[in-house]
>>> print(open('target_38.txt').read())   # compact mmCIF, C-alpha atoms
# COMPACT_ATOMS: atom_id res chain seq x y z
CA MET A 1 -26.19 -7.97 12.20
CA PRO A 2 -24.00 -6.59 9.39
CA ALA A 3 -24.69 -3.16 7.94
CA LEU A 4 -26.81 -2.96 4.79
CA GLN A 5 -24.58 -2.53 1.72
CA TRP A 6 -26.57 -0.03 -0.32
CA GLU A 7 -24.54 -0.41 -3.52
CA ILE A 8 -25.38 -4.12 -3.59
CA THR A 9 -29.00 -3.96 -2.46
CA PHE A 10 -30.13 -1.05 -4.61
CA VAL A 11 -29.51 0.04 -8.21
CA LYS A 12 -29.03 3.79 -8.71
CA THR A 13 -31.39 5.27 -11.27
CA ASP A 14 -32.20 8.81 -12.44
CA SER A 15 -35.33 8.98 -10.30
CA CYS A 16 -35.10 6.74 -7.25
CA PRO A 17 -33.20 3.64 -6.09
CA GLU A 18 -34.52 0.28 -7.28
CA LEU A 19 -34.34 -2.78 -5.06
CA ARG A 20 -32.36 -5.70 -6.53
CA ILE A 21 -33.84 -9.17 -6.27
CA PHE A 22 -31.39 -12.06 -5.91
CA ARG A 23 -31.99 -15.78 -6.22
CA PRO A 24 -30.26 -18.11 -3.73
CA ASN A 25 -26.69 -18.97 -4.80
CA GLU A 26 -26.89 -16.54 -7.73
CA PRO A 27 -23.53 -14.91 -8.47
CA LEU A 28 -23.37 -11.19 -7.85
CA TYR A 29 -22.22 -9.38 -11.00
CA TRP A 30 -20.82 -5.89 -11.22
CA TYR A 31 -23.41 -3.26 -12.07
CA GLY A 32 -20.88 -0.67 -13.23
CA ASN A 33 -20.54 1.43 -10.08
CA PRO A 34 -17.77 1.19 -7.50
CA ALA A 35 -18.55 1.05 -3.79
CA GLU A 36 -18.27 4.41 -2.06
CA LYS A 37 -15.62 3.01 0.31
CA LEU A 38 -14.36 -0.22 1.82
CA THR A 39 -16.27 -0.82 5.04
CA ASN A 40 -14.82 -4.07 6.38
CA GLY A 41 -11.35 -3.86 7.92
CA SER A 42 -8.89 -1.08 8.65
CA GLY A 43 -6.21 -1.96 6.07
CA SER A 44 -3.66 -3.12 8.62
CA ARG A 45 -1.86 -6.46 8.45
CA ASN A 46 -3.98 -7.85 11.31
CA ASP A 47 -7.23 -6.27 10.07
CA PRO A 48 -7.03 -6.08 6.26
CA TYR A 49 -9.71 -4.52 4.12
CA ILE A 50 -12.05 -7.35 3.12
CA ILE A 51 -13.25 -7.28 -0.49
CA SER A 52 -16.32 -9.45 -1.01
CA THR A 53 -18.25 -7.80 -3.86
CA PRO A 54 -17.50 -6.68 -7.42
CA SER A 55 -18.30 -3.09 -6.37
CA GLU A 56 -15.69 -3.22 -3.59
CA LEU A 57 -13.07 -4.52 -6.01
CA ALA A 58 -14.08 -1.77 -8.46
CA TYR A 59 -13.59 0.80 -5.69
CA LEU A 60 -9.96 -0.27 -5.35
CA ALA A 61 -9.34 -0.32 -9.13
CA LYS A 62 -11.00 3.09 -9.61
CA LEU A 63 -9.05 4.59 -6.70
CA ILE A 64 -5.88 3.78 -8.65
CA VAL A 65 -7.21 4.97 -12.03
CA ASP A 66 -8.19 8.27 -10.38
CA GLY A 67 -4.65 8.79 -9.05
CA GLY A 68 -5.19 7.56 -5.49
CA GLY A 69 -2.69 4.71 -5.62
CA ASN A 70 -0.55 6.30 -2.90
CA ASN A 71 -3.47 5.60 -0.55
CA THR A 72 -2.71 1.87 -0.97
CA VAL A 73 0.89 2.11 0.31
CA GLY A 74 1.28 -0.22 3.30
CA LYS A 75 -2.39 -1.26 3.15
CA TYR A 76 -3.55 -4.86 3.23
CA TYR A 77 -6.49 -6.26 1.26
CA GLU A 78 -8.04 -9.75 1.17
CA LEU A 79 -10.66 -11.35 -1.01
CA ALA A 80 -13.44 -12.98 1.01
CA ASN A 81 -14.76 -15.07 -1.87
CA ASP A 82 -14.72 -15.49 -5.65
CA ILE A 83 -15.72 -12.31 -7.48
CA THR A 84 -17.44 -12.29 -10.86
CA ILE A 85 -17.36 -8.97 -12.70
CA ASN A 86 -19.35 -10.00 -15.79
CA ASN A 87 -21.48 -13.05 -16.50
CA THR A 88 -19.29 -15.11 -18.84
CA THR A 89 -21.72 -17.98 -19.39
CA ALA A 90 -23.20 -16.56 -22.63
CA GLU A 91 -21.36 -17.37 -25.87
CA ASN A 92 -20.70 -13.72 -26.81
CA TRP A 93 -20.60 -12.32 -23.27
CA ALA A 94 -18.06 -9.58 -24.09
CA GLU A 95 -20.58 -7.85 -26.38
CA SER A 96 -22.71 -6.87 -23.38
CA ALA A 97 -20.00 -6.78 -20.71
CA ARG A 98 -19.38 -3.82 -18.43
CA LYS A 99 -15.91 -2.44 -19.13
CA TRP A 100 -13.31 -2.58 -16.37
CA TYR A 101 -10.98 0.33 -15.75
CA SER A 102 -8.17 1.29 -18.12
CA SER A 103 -6.10 4.45 -18.39
CA VAL A 104 -3.46 6.19 -20.46
CA LYS A 105 -2.19 8.00 -17.37
CA VAL A 106 0.10 5.66 -15.44
CA ASP A 107 3.02 7.98 -14.78
CA GLY A 108 3.73 7.55 -11.10
CA ASN A 109 3.04 5.59 -7.94
CA ASN A 110 -0.27 7.39 -7.51
CA TYR A 111 -1.60 5.48 -10.56
CA CYS A 112 -0.33 2.12 -9.30
CA PHE A 113 -1.35 -0.44 -6.71
CA ASN A 114 1.21 -0.17 -3.90
CA GLY A 115 -0.27 -2.45 -1.23
CA PHE A 116 -0.67 -6.12 -0.38
CA LEU A 117 -3.49 -8.14 -1.97
CA ASN A 118 -4.09 -11.68 -0.71
CA GLY A 119 -6.57 -13.46 -2.96
CA LYS A 120 -6.78 -16.32 -0.42
CA GLY A 121 -7.04 -18.75 -3.35
CA HIS A 122 -10.16 -17.08 -4.77
CA THR A 123 -10.93 -16.30 -8.41
CA ILE A 124 -11.73 -13.01 -10.11
CA SER A 125 -13.51 -13.70 -13.38
CA GLY A 126 -15.23 -11.74 -16.12
CA LEU A 127 -12.84 -8.79 -16.28
CA TYR A 128 -13.36 -6.99 -19.58
CA SER A 129 -11.50 -4.05 -21.05
CA ASP A 130 -11.41 -2.87 -24.63
CA ASP A 131 -9.43 0.36 -24.91
CA SER A 132 -7.97 1.17 -28.32
CA THR A 133 -6.54 4.50 -27.11
CA SER A 134 -2.84 4.80 -27.90
CA GLY A 135 -0.82 4.22 -24.74
CA ALA A 136 -3.70 2.66 -22.76
CA TYR A 137 -2.97 0.31 -19.84
CA ALA A 138 -5.35 -2.40 -18.65
CA GLY A 139 -5.39 -5.17 -16.06
CA LEU A 140 -6.96 -5.83 -12.69
CA PHE A 141 -5.07 -2.63 -11.82
CA VAL A 142 -3.79 -0.23 -14.49
CA GLY A 143 -0.41 -0.18 -12.76
CA ILE A 144 1.56 -1.82 -9.98
CA SER A 145 4.59 -0.38 -8.22
CA SER A 146 7.63 -1.62 -6.34
CA GLY A 147 6.88 -2.95 -2.90
CA ALA A 148 3.44 -4.23 -3.93
CA THR A 149 2.47 -7.85 -3.36
CA VAL A 150 -0.30 -9.83 -5.05
CA ALA A 151 -0.62 -13.44 -3.94
CA ARG A 152 -2.88 -16.51 -4.03
CA LEU A 153 -5.17 -15.17 -6.76
CA ASN A 154 -6.69 -16.68 -9.88
CA ILE A 155 -7.90 -14.54 -12.77
CA SER A 156 -9.99 -16.42 -15.31
CA ASN A 157 -12.52 -16.00 -18.14
CA SER A 158 -11.39 -12.44 -18.76
CA VAL A 159 -10.75 -10.41 -21.91
CA MET A 160 -8.38 -7.45 -21.77
CA SER A 161 -7.49 -5.38 -24.81
CA ALA A 162 -5.27 -2.30 -24.71
CA GLN A 163 -1.81 -1.33 -25.92
CA PHE A 164 -0.33 -2.49 -22.59
CA VAL A 165 -2.08 -5.40 -20.87
CA GLY A 166 -1.39 -7.68 -17.94
CA SER A 167 -3.71 -9.85 -15.91
CA ILE A 168 -2.61 -8.11 -12.69
CA ALA A 169 -1.45 -4.76 -14.11
CA GLY A 170 -0.90 -3.09 -17.46
CA ARG A 171 2.27 -1.40 -16.23
CA GLU A 172 4.90 -1.83 -13.58
CA PHE A 173 6.42 1.37 -12.23
CA ASN A 174 9.52 2.29 -10.24
CA THR A 175 11.02 -1.20 -10.20
CA ALA A 176 14.59 -0.62 -11.40
CA ASP A 177 16.13 -1.84 -8.15
CA LYS A 178 13.05 -2.94 -6.22
CA VAL A 179 10.73 -5.92 -6.30
CA ILE A 180 7.06 -6.51 -6.99
CA LYS A 181 6.01 -9.82 -5.47
CA ILE A 182 3.50 -11.87 -7.41
CA ALA A 183 3.10 -15.36 -5.98
CA ASN A 184 0.68 -18.18 -6.75
CA VAL A 185 -1.27 -16.11 -9.26
CA TYR A 186 -2.69 -18.21 -12.06
>>> encode(input="target_38.txt", output="structure tokens")
Amino acid sequence: MPALQWEITFVKTDSCPELRIFRPNEPLYWYGNPAEKLTNGSGSRNDPYIISTPSELAYLAKLIVDGGGNNTVGKYYELANDITINNTTAENWAESARKWYSSVKVDGNNYCFNGFLNGKGHTISGLYSDDSTSGAYAGLFVGISSGATVARLNISNSVMSAQFVGSIAGREFNTADKVIKIANVY
């Protein structure tokens, strides 16, 4: 039996945790908090970290925004399924959307994704960022660096607004004579 994933099952409140109630086949949206860590996989090529929830994806994005991008060097990640950050079915969904991560500090590999992300053909949807700060970067990751690979991933129904924006990353870093591989991303 798999371990209980507290960040999915319970909502953190000021007083005590509240149990979430899910309907069958209901998409799981992001509730604004990243997972505390990735629990499935070791990050190796043969045992990649498995990302199956919006909170787990947020953990990886926040790790990079907080300057922990060097922890992704040589690490492998895979999506287990489609991930929906915000519910995009409403006409004006962006007005109530939870904002994804953006940053003005992308000045080295530690603020960039440096690993291998295999989307396995899955879709990330509902990303939303609206950062009018001068010099802000926004994307799935705020930055991506040489040696990184992102493959077999679809990003859809997303709205990103910042001075520097990309669907995968707002900034590439340290790529003068090196390669970032982005394949089958649409």
>>> closest_residue(input="target_38.txt", among="A:Thr88, A:Asn40, A:Ser132, A:Asn70", to="Ser146 (chain A)", atoms="all atoms listed in the file")
A:Asn70
>>> residues_around(input="target_38.txt", residues="region 151-167 of chain A", least_positions_apart="6", cutoff="9 Å", atoms="all atoms listed in the file", output="ChimeraX atom specification")
/A:79,86,88,94,100,102,116-142,181-186
>>> atom_distance(input="target_38.txt", atom1="CA of Arg98 (chain A)", atom2="CA of Asn114 (chain A)")
25.5 Å
>>> atom_distance(input="target_38.txt", atom1="CA of Asp47 (chain A)", atom2="CA of Val73 (chain A)")
15.2 Å
>>> atom_distance(input="target_38.txt", atom1="CA of Gly67 (chain A)", atom2="CA of Tyr111 (chain A)")
4.7 Å
>>> residues_around(input="target_38.txt", residues="Gly68 (chain A)", least_positions_apart="5", cutoff="9 Å", atoms="all atoms listed in the file", output="short mmCIF file (atom, residue, chain, number, x, y, z; two decimals) with C-alpha atoms, in the coordinates of the input")
data_model
loop_
_atom_site.label_atom_id
_atom_site.label_comp_id
_atom_site.auth_asym_id
_atom_site.auth_seq_id
_atom_site.Cartn_x
_atom_site.Cartn_y
_atom_site.Cartn_z
CA LYS A 62 -11.00 3.09 -9.61
CA LEU A 63 -9.05 4.59 -6.70
CA ASN A 109 3.04 5.59 -7.94
CA ASN A 110 -0.27 7.39 -7.51
CA TYR A 111 -1.60 5.48 -10.56
CA CYS A 112 -0.33 2.12 -9.30
CA PHE A 113 -1.35 -0.44 -6.71
#
>>> residues_around(input="target_38.txt", residues="Pro54 (chain A)", least_positions_apart="6", cutoff="8 Å", atoms="all atoms listed in the file", output="tab-separated table (two decimals) with C-alpha atoms, in the coordinates of the input")
chain	number	residue	atom	x	y	z
A	28	LEU	CA	-23.37	-11.19	-7.85
A	29	TYR	CA	-22.22	-9.38	-11.00
A	30	TRP	CA	-20.82	-5.89	-11.22
A	34	PRO	CA	-17.77	1.19	-7.50
A	83	ILE	CA	-15.72	-12.31	-7.48
A	84	THR	CA	-17.44	-12.29	-10.86
A	85	ILE	CA	-17.36	-8.97	-12.70
>>> closest_residue(input="target_38.txt", among="A:Tyr59, A:Tyr77, A:Phe173, A:Tyr31", to="Ser44 (chain A)", atoms="only C-alpha atoms")
A:Tyr77
>>> closest_residue(input="target_38.txt", among="A:Ala90, A:Thr149, A:Asp66, A:Lys75", to="Ser103 (chain A)", atoms="only C-alpha atoms")
A:Asp66
>>> residues_around(input="target_38.txt", residues="Ile51 (chain A)", least_positions_apart="4", cutoff="7 Å", atoms="only C-alpha atoms", output="MDAnalysis selection string")
chainID A and resid 56:57 78:80
